[in-house]
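One file, protein38.tsv, carrying TSV, C-alpha atoms and all ligand atoms:
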chain	number	residue	atom	x	y	z
A	1	MET	CA	-17.58	-7.92	10.29
A	2	PRO	CA	-14.95	-5.64	8.66
A	3	PHE	CA	-13.19	-6.86	5.52
A	4	ILE	CA	-9.87	-7.22	7.36
A	5	LYS	CA	-9.54	-7.56	11.12
A	6	VAL	CA	-6.15	-7.93	12.78
A	7	GLU	CA	-6.03	-8.57	16.50
A	8	ASN	CA	-2.91	-8.56	18.68
A	9	LEU	CA	-0.79	-9.85	15.78
A	10	VAL	CA	2.72	-10.91	16.78
A	11	HIS	CA	5.41	-12.09	14.36
A	12	LYS	CA	8.82	-13.21	15.56
A	13	PHE	CA	12.03	-13.66	13.59
A	14	PHE	CA	14.49	-16.07	15.15
A	15	GLU	CA	18.25	-16.07	14.95
A	16	ARG	CA	19.77	-19.55	15.14
A	17	ASN	CA	23.31	-20.85	15.67
A	18	ASN	CA	24.98	-23.50	13.49
A	19	GLU	CA	23.24	-26.25	15.48
A	20	GLY	CA	19.87	-24.72	14.66
A	21	GLU	CA	19.25	-23.62	18.24
A	22	ILE	CA	17.46	-20.32	18.70
A	23	ILE	CA	19.93	-17.79	20.12
A	24	ASP	CA	17.88	-14.65	19.70
A	25	GLU	CA	14.38	-13.56	18.74
A	26	LYS	CA	12.81	-10.29	17.69
A	27	ASN	CA	9.17	-9.30	17.45
A	28	ALA	CA	8.91	-7.77	13.97
A	29	LEU	CA	5.20	-7.33	14.74
A	30	ASP	CA	4.48	-6.75	18.38
A	31	GLY	CA	0.73	-6.62	18.96
A	32	VAL	CA	-0.87	-5.07	15.90
A	33	ASP	CA	-4.59	-4.24	16.01
A	34	PHE	CA	-6.74	-2.69	13.30
A	35	GLN	CA	-9.81	-3.13	11.17
A	36	ILE	CA	-10.31	-2.19	7.53
A	37	GLU	CA	-13.73	-1.86	5.92
A	38	ALA	CA	-14.23	-3.05	2.34
A	39	GLY	CA	-13.59	-0.32	-0.21
A	40	GLN	CA	-11.28	1.76	1.98
A	41	PHE	CA	-7.98	3.26	0.85
A	42	ILE	CA	-5.40	2.80	3.61
A	43	ALA	CA	-1.85	4.16	3.54
A	44	ILE	CA	0.76	2.58	5.82
A	45	LEU	CA	3.76	4.67	6.80
A	46	GLY	CA	6.68	3.97	9.10
A	47	ARG	CA	10.46	4.13	9.18
A	48	ASN	CA	12.69	1.31	7.83
A	49	GLY	CA	12.32	-1.88	9.83
A	50	SER	CA	9.06	-0.82	11.52
A	51	GLY	CA	7.26	-3.96	10.30
A	52	LYS	CA	5.28	-2.82	7.23
A	53	SER	CA	6.41	-5.59	4.86
A	54	THR	CA	6.02	-8.24	7.53
A	55	LEU	CA	2.44	-7.09	8.01
A	56	ALA	CA	1.83	-7.10	4.24
A	57	ARG	CA	3.06	-10.69	4.03
A	58	HIS	CA	0.61	-11.72	6.73
A	59	LEU	CA	-2.28	-10.23	4.77
A	60	ASN	CA	-1.30	-12.34	1.77
A	61	CYS	CA	-0.77	-15.50	3.88
A	62	LEU	CA	2.94	-15.63	3.07
A	63	LEU	CA	3.53	-15.52	6.84
A	64	PHE	CA	1.30	-16.71	9.70
A	65	PRO	CA	0.72	-15.29	13.19
A	66	HIS	CA	2.84	-16.47	16.11
A	67	GLU	CA	0.23	-14.85	18.34
A	68	GLY	CA	-3.05	-13.10	17.67
A	69	SER	CA	-5.42	-13.50	14.75
A	70	ILE	CA	-6.28	-12.22	11.31
A	71	TRP	CA	-9.70	-12.42	9.69
A	72	ILE	CA	-10.08	-11.74	5.99
A	73	ASP	CA	-13.54	-11.44	4.53
A	74	GLY	CA	-15.03	-13.09	7.61
A	75	ASN	CA	-12.65	-16.09	7.71
A	76	GLU	CA	-9.89	-16.51	10.24
A	77	VAL	CA	-6.51	-17.20	8.63
A	78	LYS	CA	-5.16	-20.59	9.71
A	79	GLU	CA	-1.87	-21.97	8.49
A	80	GLU	CA	-3.29	-25.49	8.09
A	81	ASP	CA	-6.40	-24.44	6.14
A	82	ASP	CA	-5.27	-24.68	2.48
A	83	ILE	CA	-8.59	-23.67	0.91
A	84	ASN	CA	-8.86	-20.61	3.07
A	85	ILE	CA	-5.26	-19.63	2.29
A	86	TRP	CA	-5.81	-20.11	-1.44
A	87	ASN	CA	-8.94	-17.94	-1.32
A	88	ASN	CA	-7.13	-15.24	0.58
A	89	ARG	CA	-4.26	-15.19	-1.91
A	90	LYS	CA	-6.80	-14.76	-4.73
A	91	ASN	CA	-8.64	-12.05	-2.79
A	92	ILE	CA	-5.58	-10.05	-1.77
A	93	GLY	CA	-3.32	-9.13	-4.69
A	94	MET	CA	0.23	-8.04	-3.93
A	95	VAL	CA	2.45	-5.64	-5.84
A	96	PHE	CA	6.06	-5.36	-4.71
A	97	GLN	CA	8.85	-2.83	-5.06
A	98	ASN	CA	10.86	-4.10	-8.02
A	99	PRO	CA	8.86	-4.22	-11.26
A	100	ASP	CA	11.46	-6.42	-12.97
A	101	ASN	CA	11.09	-9.19	-10.39
A	102	GLN	CA	7.37	-9.50	-11.08
A	103	ILE	CA	7.47	-10.11	-14.81
A	104	ILE	CA	6.83	-13.67	-15.91
A	105	GLY	CA	5.45	-13.41	-19.44
A	106	THR	CA	7.16	-12.50	-22.71
A	107	THR	CA	4.29	-10.18	-23.64
A	108	VAL	CA	2.10	-7.93	-21.49
A	109	GLU	CA	-0.90	-10.11	-22.35
A	110	GLU	CA	0.85	-13.36	-21.42
A	111	ASP	CA	2.05	-11.84	-18.18
A	112	THR	CA	-1.44	-10.70	-17.20
A	113	ALA	CA	-2.93	-14.09	-18.10
A	114	PHE	CA	-0.60	-16.02	-15.82
A	115	GLY	CA	-2.89	-15.97	-12.77
A	116	PRO	CA	-6.21	-16.88	-14.44
A	117	GLU	CA	-4.44	-19.58	-16.51
A	118	ASN	CA	-3.35	-21.18	-13.26
A	119	LEU	CA	-6.96	-21.18	-12.14
A	120	GLU	CA	-7.68	-23.30	-15.24
A	121	PHE	CA	-10.45	-21.07	-16.54
A	122	SER	CA	-11.78	-21.45	-20.08
A	123	THR	CA	-9.87	-19.60	-22.82
A	124	GLU	CA	-12.82	-17.27	-23.22
A	125	LYS	CA	-12.95	-16.39	-19.55
A	126	ILE	CA	-9.19	-15.79	-19.45
A	127	ARG	CA	-9.44	-13.53	-22.52
A	128	ASP	CA	-12.21	-11.56	-20.86
A	129	ARG	CA	-10.39	-11.12	-17.56
A	130	VAL	CA	-7.10	-10.17	-19.22
A	131	ASP	CA	-8.76	-7.62	-21.52
A	132	ASN	CA	-10.61	-6.02	-18.63
A	133	ALA	CA	-7.57	-5.93	-16.36
A	134	LEU	CA	-5.46	-4.30	-19.10
A	135	LYS	CA	-8.20	-1.74	-19.80
A	136	MET	CA	-8.54	-0.89	-16.11
A	137	THR	CA	-4.81	-0.18	-15.84
A	138	GLY	CA	-4.56	1.65	-19.16
A	139	MET	CA	-2.27	-1.04	-20.65
A	140	TYR	CA	-4.67	-2.57	-23.19
A	141	LYS	CA	-2.93	-1.03	-26.20
A	142	LYS	CA	0.38	-2.47	-25.04
A	143	MET	CA	-0.85	-6.04	-24.74
A	144	ASN	CA	1.40	-7.40	-27.48
A	145	VAL	CA	4.63	-5.72	-26.47
A	146	SER	CA	7.40	-7.20	-24.36
A	147	PRO	CA	7.20	-6.06	-20.71
A	148	ASN	CA	10.94	-5.37	-20.92
A	149	SER	CA	10.30	-2.50	-23.32
A	150	LEU	CA	8.04	-0.69	-20.81
A	151	SER	CA	8.86	2.06	-18.32
A	152	GLY	CA	8.98	1.16	-14.62
A	153	GLY	CA	5.55	2.72	-14.06
A	154	GLN	CA	4.05	0.77	-16.95
A	155	LYS	CA	5.61	-2.46	-15.65
A	156	GLN	CA	3.99	-1.85	-12.26
A	157	ARG	CA	0.64	-1.26	-13.99
A	158	VAL	CA	1.07	-4.63	-15.71
A	159	ALA	CA	1.82	-6.16	-12.30
A	160	ILE	CA	-1.44	-4.64	-11.05
A	161	ALA	CA	-3.25	-5.96	-14.15
A	162	GLY	CA	-1.93	-9.44	-13.30
A	163	THR	CA	-3.48	-9.26	-9.84
A	164	LEU	CA	-6.71	-7.68	-11.20
A	165	ALA	CA	-7.17	-10.62	-13.54
A	166	MET	CA	-7.61	-12.72	-10.40
A	167	HIS	CA	-10.52	-10.45	-9.38
A	168	PRO	CA	-9.07	-9.53	-5.97
A	169	LYS	CA	-11.14	-7.64	-3.41
A	170	CYS	CA	-8.02	-5.90	-2.15
A	171	ILE	CA	-4.60	-4.94	-3.49
A	172	VAL	CA	-1.61	-4.44	-1.19
A	173	LEU	CA	1.20	-2.36	-2.68
A	174	ASP	CA	4.47	-2.64	-0.77
A	175	GLU	CA	6.53	0.37	-1.82
A	176	ALA	CA	5.43	-0.25	-5.40
A	177	THR	CA	6.42	3.28	-6.42
A	178	ALA	CA	9.86	3.26	-4.77
A	179	MET	CA	11.80	2.54	-7.96
A	180	LEU	CA	9.77	4.78	-10.26
A	181	ASP	CA	10.44	8.29	-11.51
A	182	PRO	CA	8.01	11.06	-10.44
A	183	ASP	CA	5.80	10.62	-13.52
A	184	GLY	CA	5.67	6.85	-13.05
A	185	ARG	CA	4.74	7.33	-9.39
A	186	LYS	CA	1.92	9.73	-10.23
A	187	GLU	CA	0.54	7.47	-12.92
A	188	LEU	CA	0.60	4.43	-10.64
A	189	ILE	CA	-1.03	6.25	-7.71
A	190	SER	CA	-3.80	7.63	-9.92
A	191	THR	CA	-4.42	4.13	-11.35
A	192	VAL	CA	-4.74	2.77	-7.83
A	193	HIS	CA	-7.14	5.55	-6.79
A	194	ARG	CA	-9.27	4.88	-9.87
A	195	LEU	CA	-9.47	1.15	-9.04
A	196	ASN	CA	-10.50	2.07	-5.51
A	197	LYS	CA	-13.21	4.54	-6.57
A	198	GLU	CA	-14.56	2.87	-9.69
A	199	GLU	CA	-14.15	-0.82	-8.88
A	200	GLY	CA	-14.49	-0.58	-5.09
A	201	ILE	CA	-11.21	-2.47	-4.59
A	202	THR	CA	-9.78	-2.05	-1.09
A	203	ILE	CA	-6.27	-0.58	-1.31
A	204	ILE	CA	-3.46	-0.89	1.20
A	205	LEU	CA	-0.59	1.31	0.09
A	206	ILE	CA	2.72	1.04	1.93
A	207	THR	CA	4.90	3.99	1.07
A	208	HIS	CA	7.78	6.22	2.11
A	209	PHE	CA	6.33	9.13	0.12
A	210	MET	CA	4.07	11.26	2.34
A	211	ASN	CA	2.40	12.84	-0.69
A	212	GLU	CA	1.06	9.42	-1.69
A	213	ALA	CA	-0.69	9.09	1.67
A	214	VAL	CA	-2.53	12.39	1.75
A	215	ASP	CA	-5.53	11.19	-0.27
A	216	ALA	CA	-6.02	7.98	1.72
A	217	ASP	CA	-9.19	7.46	3.79
A	218	ARG	CA	-7.00	6.54	6.74
A	219	ILE	CA	-3.30	6.37	7.54
A	220	PHE	CA	-1.64	3.83	9.83
A	221	VAL	CA	1.81	4.75	11.10
A	222	MET	CA	3.97	1.84	12.26
A	223	ASP	CA	6.90	1.94	14.64
A	224	ASN	CA	8.76	-0.91	16.26
A	225	GLY	CA	6.25	-3.56	15.17
A	226	MET	CA	3.19	-1.62	16.32
A	227	VAL	CA	0.65	0.70	14.77
A	228	THR	CA	1.31	3.82	16.81
A	229	MET	CA	-0.88	6.33	14.99
A	230	MET	CA	-4.11	5.88	13.07
A	231	GLY	CA	-6.47	8.44	11.58
A	232	THR	CA	-7.39	10.55	8.58
A	233	PRO	CA	-4.50	12.32	6.82
A	234	LYS	CA	-5.62	15.54	8.48
A	235	GLU	CA	-5.62	13.95	11.94
A	236	VAL	CA	-2.28	12.21	11.50
A	237	PHE	CA	-0.34	15.06	9.88
A	238	SER	CA	-1.70	17.60	12.37
A	239	ARG	CA	0.47	15.83	14.94
A	240	SER	CA	3.64	17.07	13.25
A	241	ASP	CA	5.96	16.63	16.25
A	242	GLU	CA	4.99	12.96	16.65
A	243	ILE	CA	5.35	12.42	12.90
A	244	LYS	CA	8.90	13.75	13.02
A	245	ASN	CA	9.71	11.66	16.10
A	246	LEU	CA	8.58	8.57	14.20
A	247	GLY	CA	11.24	9.30	11.58
A	248	LEU	CA	8.83	10.61	8.96
A	249	GLU	CA	8.71	13.79	6.92
A	250	MET	CA	5.69	16.04	6.76
A	251	PRO	CA	4.04	16.50	3.35
A	252	VAL	CA	5.97	19.39	1.79
A	253	MET	CA	2.99	21.70	1.19
A	254	MET	CA	1.76	21.19	4.73
A	255	ASN	CA	5.14	22.33	6.08
A	256	VAL	CA	4.71	25.58	4.18
A	257	ALA	CA	1.16	25.92	5.56
A	258	ILE	CA	2.33	25.32	9.13
A	259	ARG	CA	5.06	27.97	8.76
A	260	LEU	CA	2.51	30.48	7.51
A	261	LYS	CA	0.21	29.60	10.40
A	262	ASN	CA	3.05	30.03	12.88
A	263	ASP	CA	3.69	33.45	11.34
A	264	GLY	CA	0.16	34.41	12.30
A	265	TYR	CA	-1.71	33.81	9.03
A	266	GLU	CA	-5.14	32.26	9.33
A	267	ILE	CA	-4.95	29.15	7.18
A	268	PRO	CA	-6.19	25.55	7.44
A	269	VAL	CA	-3.70	22.82	8.40
A	270	ASP	CA	-4.74	20.22	5.82
A	271	VAL	CA	-2.99	21.84	2.88
A	272	PHE	CA	-1.61	18.77	1.16
A	273	THR	CA	-1.27	19.75	-2.48
A	274	ILE	CA	0.21	22.62	-4.42
A	275	GLU	CA	-3.27	23.37	-5.83
A	276	LYS	CA	-4.72	23.75	-2.36
A	277	LEU	CA	-1.80	25.91	-1.27
A	278	ALA	CA	-2.34	28.12	-4.35
A	279	ASP	CA	-6.02	28.53	-3.31
A	280	VAL	CA	-4.99	29.46	0.20
A	281	TYR	CA	-2.46	32.01	-1.11
A	282	GLU	CA	-5.08	33.51	-3.38
A	283	GLN	CA	-7.50	33.94	-0.49
A	284	LEU	CA	-4.82	35.51	1.68
A	285	TYR	CA	-3.86	37.85	-1.16
A	286	ARG	CA	-7.49	38.91	-1.72
A	287	LYS	CA	-7.87	39.65	1.98
A	288	HIS	CA	-4.69	41.69	1.81
A	289	LEU	CA	-6.00	43.68	-1.17
A	290	ASN	CA	-9.25	44.30	0.66
A	291	GLY	CA	-7.24	45.61	3.58
A	292	GLU	CA	-8.45	42.86	5.93
B	1	LIG	N1	13.58	-12.68	7.02
B	1	LIG	C1	13.90	-12.00	8.14
B	1	LIG	N2	14.73	-12.52	9.08
B	1	LIG	C2	15.03	-11.85	10.19
B	1	LIG	N3	14.57	-10.62	10.48
B	1	LIG	C3	13.76	-10.03	9.59
B	1	LIG	C4	13.38	-10.69	8.37
B	1	LIG	N4	12.53	-9.86	7.67
B	1	LIG	C5	12.42	-8.76	8.43
B	1	LIG	N5	13.14	-8.85	9.57
B	1	LIG	C6	13.22	-7.83	10.65
B	1	LIG	O1	11.89	-7.52	11.05
B	1	LIG	C7	11.73	-6.12	11.26
B	1	LIG	C8	10.63	-5.58	10.36
B	1	LIG	O2	11.03	-5.68	9.01
B	1	LIG	P1	10.12	-5.25	7.80
B	1	LIG	O3	10.81	-5.67	6.56
B	1	LIG	O4	8.74	-5.73	8.02
B	1	LIG	O5	10.13	-3.64	7.94
B	1	LIG	P2	9.62	-2.54	6.92
B	1	LIG	O6	8.83	-1.57	7.72
B	1	LIG	O7	8.99	-3.16	5.74
B	1	LIG	O8	10.98	-1.81	6.50
B	1	LIG	P3	11.38	-1.08	5.12
B	1	LIG	O9	10.75	0.29	5.18
B	1	LIG	O10	12.86	-1.02	5.17
B	1	LIG	O11	10.86	-1.90	3.98
B	1	LIG	C9	13.10	-5.51	11.00
B	1	LIG	O12	13.76	-5.39	12.24
B	1	LIG	C10	13.79	-6.52	10.12
B	1	LIG	O13	15.18	-6.48	10.30
B	2	MG	MG	9.38	-3.11	3.67

Could you show the structure in this file as structure tokens?
Amino acid sequence: MPFIKVENLVHKFFERNNEGEIIDEKNALDGVDFQIEAGQFIAILGRNGSGKSTLARHLNCLLFPHEGSIWIDGNEVKEEDDINIWNNRKNIGMVFQNPDNQIIGTTVEEDTAFGPENLEFSTEKIRDRVDNALKMTGMYKKMNVSPNSLSGGQKQRVAIAGTLAMHPKCIVLDEATAMLDPDGRKELISTVHRLNKEEGITIILITHFMNEAVDADRIFVMDNGMVTMMGTPKEVFSRSDEIKNLGLEMPVMMNVAIRLKNDGYEIPVDVFTIEKLADVYEQLYRKHLNGE
């Protein structure tokens, strides 16, 4: 059994009149199917309104299926099963877009301890979990400062620490880098990759930044409440016309690579980073010098 299995998931939003009668309905999710193995890094892309956040809220049991099913860690999610829902919420940590909305504590330490304190662990166990979570996110030295004094990227790392202290098996980040500056984005993405590689935490990263998706194991592209493309970054971004039709940009470096290829140069299509492009240029230049 995969860690997450979603089958024909449908979610409807209803519009009601003043009498409370339903006058319109819209399928925000319209038959979503996928499976995610434990330890994978998944990026979810898709234009505004395609259903990404609605899907994320299903994974955290904040919403429940109108049709179809979700299994998390072998258990089917059922709205009436409180224990199951509680376990899922512990297992799947969520980090949202606005860092300021996620701060609860007056110090970084207090903020991180909020989850385990609610689980009524012993003081010692809370201490241990908080220390570890802050170390894993590189925020240990800041434990006594006020979260308000931190940069956006640091605040998001504290938000991640708060979910880590619950020992989740998976973290879902819903546009968690959207409000950060480029440095903050880089630092958050590298923290998330480290947690994935070193701690084996499954990551589901929803983003509008293509460059944040290029190192994922797999990419899901959503459109109109459905997952319309699924594959490795190389597979997905090789279909550049479809990507553009789905309202997405291509990763910048790959655009350069595709232009070079169209001009007749022999270069690979999965050039996602400036480092890789520099390598490719160097090889082309050497060939040129050798008269090839
Ligand atoms: N609370 C709600 N009530 C009614 N309709 C909603 C509600 N939340 C979302 N929707 C609709 O459901 C669809 C999917 O929305 P969702 O927020 O999941 O998209 P998204 O892919 O996360 O978009 P974005 O990239 O803008 O965050 C949209 O058409 C949206 O207008
Ligand atoms: Mg959204």

Legend entry - Pick from A:Thr163, A:Thr207, A:Ser151, A:Asn196 nearest to ligand MG 2 (chain B), counting all atoms listed in the file: A:Thr207

Inset, instruction - For Asp100 in chain A, work out the shell of residues within 9 Å, counting all atoms listed in the file and skipping chain neighbours fewer than 3 positions away, then give it as an MDAnalysis selection string. - result: chainID A and resid 103 147:148 152 155:156

Inset, instruction - Show which residues sit within 6 Å of range 264-271 of chain A, as a list of chain:residue names. Count all atoms listed in the file, and ignore same-chain residues fewer than 3 positions away. - result: A:Lys234, A:Met254, A:Leu260, A:Lys261, A:Lys276, A:Leu277

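Residue nearest Ala56 in chain A within the list A:Pro2, A:Gly93, A:Gly153, A:Pro99: A:Gly93 [criterion: smallest interatomic distance, only C-alpha atoms].
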
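Our summary of the geometry notes that CA of Ile104 in chain A is positioned 16.3 Å from CA of Met139 in chain A.
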
Inset, instruction - Tell me which protein, DNA and RNA residues are within 12 Å of Lys186 in chain A, counting only C-alpha atoms, leaving out same-chain ones fewer than 2 positions away, and put them as a ChimeraX atom specification. - result: /A:152-154,156-157,176-178,180-184,188-193,209,211-212

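The neighbours of Ile206 in chain A here are the residues that come within 8 Å of it, using only C-alpha atoms and leaving out any residue fewer than 2 positions away in the same chain; they are A:Ala43, A:Ile44, A:Leu45, A:Lys52, A:Val172, A:Leu173, A:Asp174, A:Glu175, A:Ala176, A:Ile204, A:His208.
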
Output C-alpha atoms for every residue in the selection just made, as a compact mmCIF listing (two decimals), keeping the file's coordinate frame.
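As written to disk, result_39.txt reads:
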# COMPACT_ATOMS: atom_id res chain seq x y z
CA ALA A 43 -1.85 4.16 3.54
CA ILE A 44 0.76 2.58 5.82
CA LEU A 45 3.76 4.67 6.80
CA LYS A 52 5.28 -2.82 7.23
CA VAL A 172 -1.61 -4.44 -1.19
CA LEU A 173 1.20 -2.36 -2.68
CA ASP A 174 4.47 -2.64 -0.77
CA GLU A 175 6.53 0.37 -1.82
CA ALA A 176 5.43 -0.25 -5.40
CA ILE A 204 -3.46 -0.89 1.20
CA HIS A 208 7.78 6.22 2.11

Inset, instruction - Pull the neighbourhood of (8.2, -7.6, -22.2) for me: all residues within 10 Å in file coordinates, counting all atoms listed in the file, as a list in words. - result: Asp100, Ile103, Ile104, Gly105, Thr106, Thr107, Val108, Glu109, Glu110, Asp111, Lys142, Met143, Asn144, Val145, Ser146, Pro147, Asn148, Ser149, Leu150 and Lys155 of chain A

Inset, instruction - Check the smallest atom-to-atom distance from each of A:Leu248, A:Met222, A:Ile201, A:Ala38 to ligand MG 2 (chain B) using all atoms listed in the file, then report the winner. - result: A:Met222

Inset, instruction - Enumerate as an NGL selection string the residues within 6 Å of ligand LIG 1 (chain B), counting only C-alpha atoms and all ligand atoms. - result: :A and (13 or 28 or 47-54)

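Each of A:Arg57, A:Arg185, A:Lys141, A:Lys197 was compared to ligand MG 2 (chain B) using all atoms listed in the file, and A:Arg57 turns out to be the nearest.
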
Legend entry - Gap from CA of Asn132 in chain A to CA of Asn87 in chain A - Å, one decimal: 21.1 Å

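Closest approach to ligand MG 2 (chain B) among A:Tyr281, A:Phe96, A:Phe121, A:Phe3 is made by A:Phe96 (distances from all atoms listed in the file).
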
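Between CA of Asn255 in chain A and CA of Thr228 in chain A the separation is 21.7 Å.
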
Legend entry - Pick from A:Gly225, A:Gly138, A:Gly74, A:Gly162 nearest to ligand MG 2 (chain B), counting only C-alpha atoms and all ligand atoms: A:Gly225

Axis-aligned box over every listed atom of range 92-95 of chain A, padded by 5 Å per side: centre and edges in Å to one decimal, as lines of an AutoDock Vina configuration file?
center_x = -1.6
center_y = -7.8
center_z = -3.8
size_x = 18.0
size_y = 14.4
size_z = 14.1
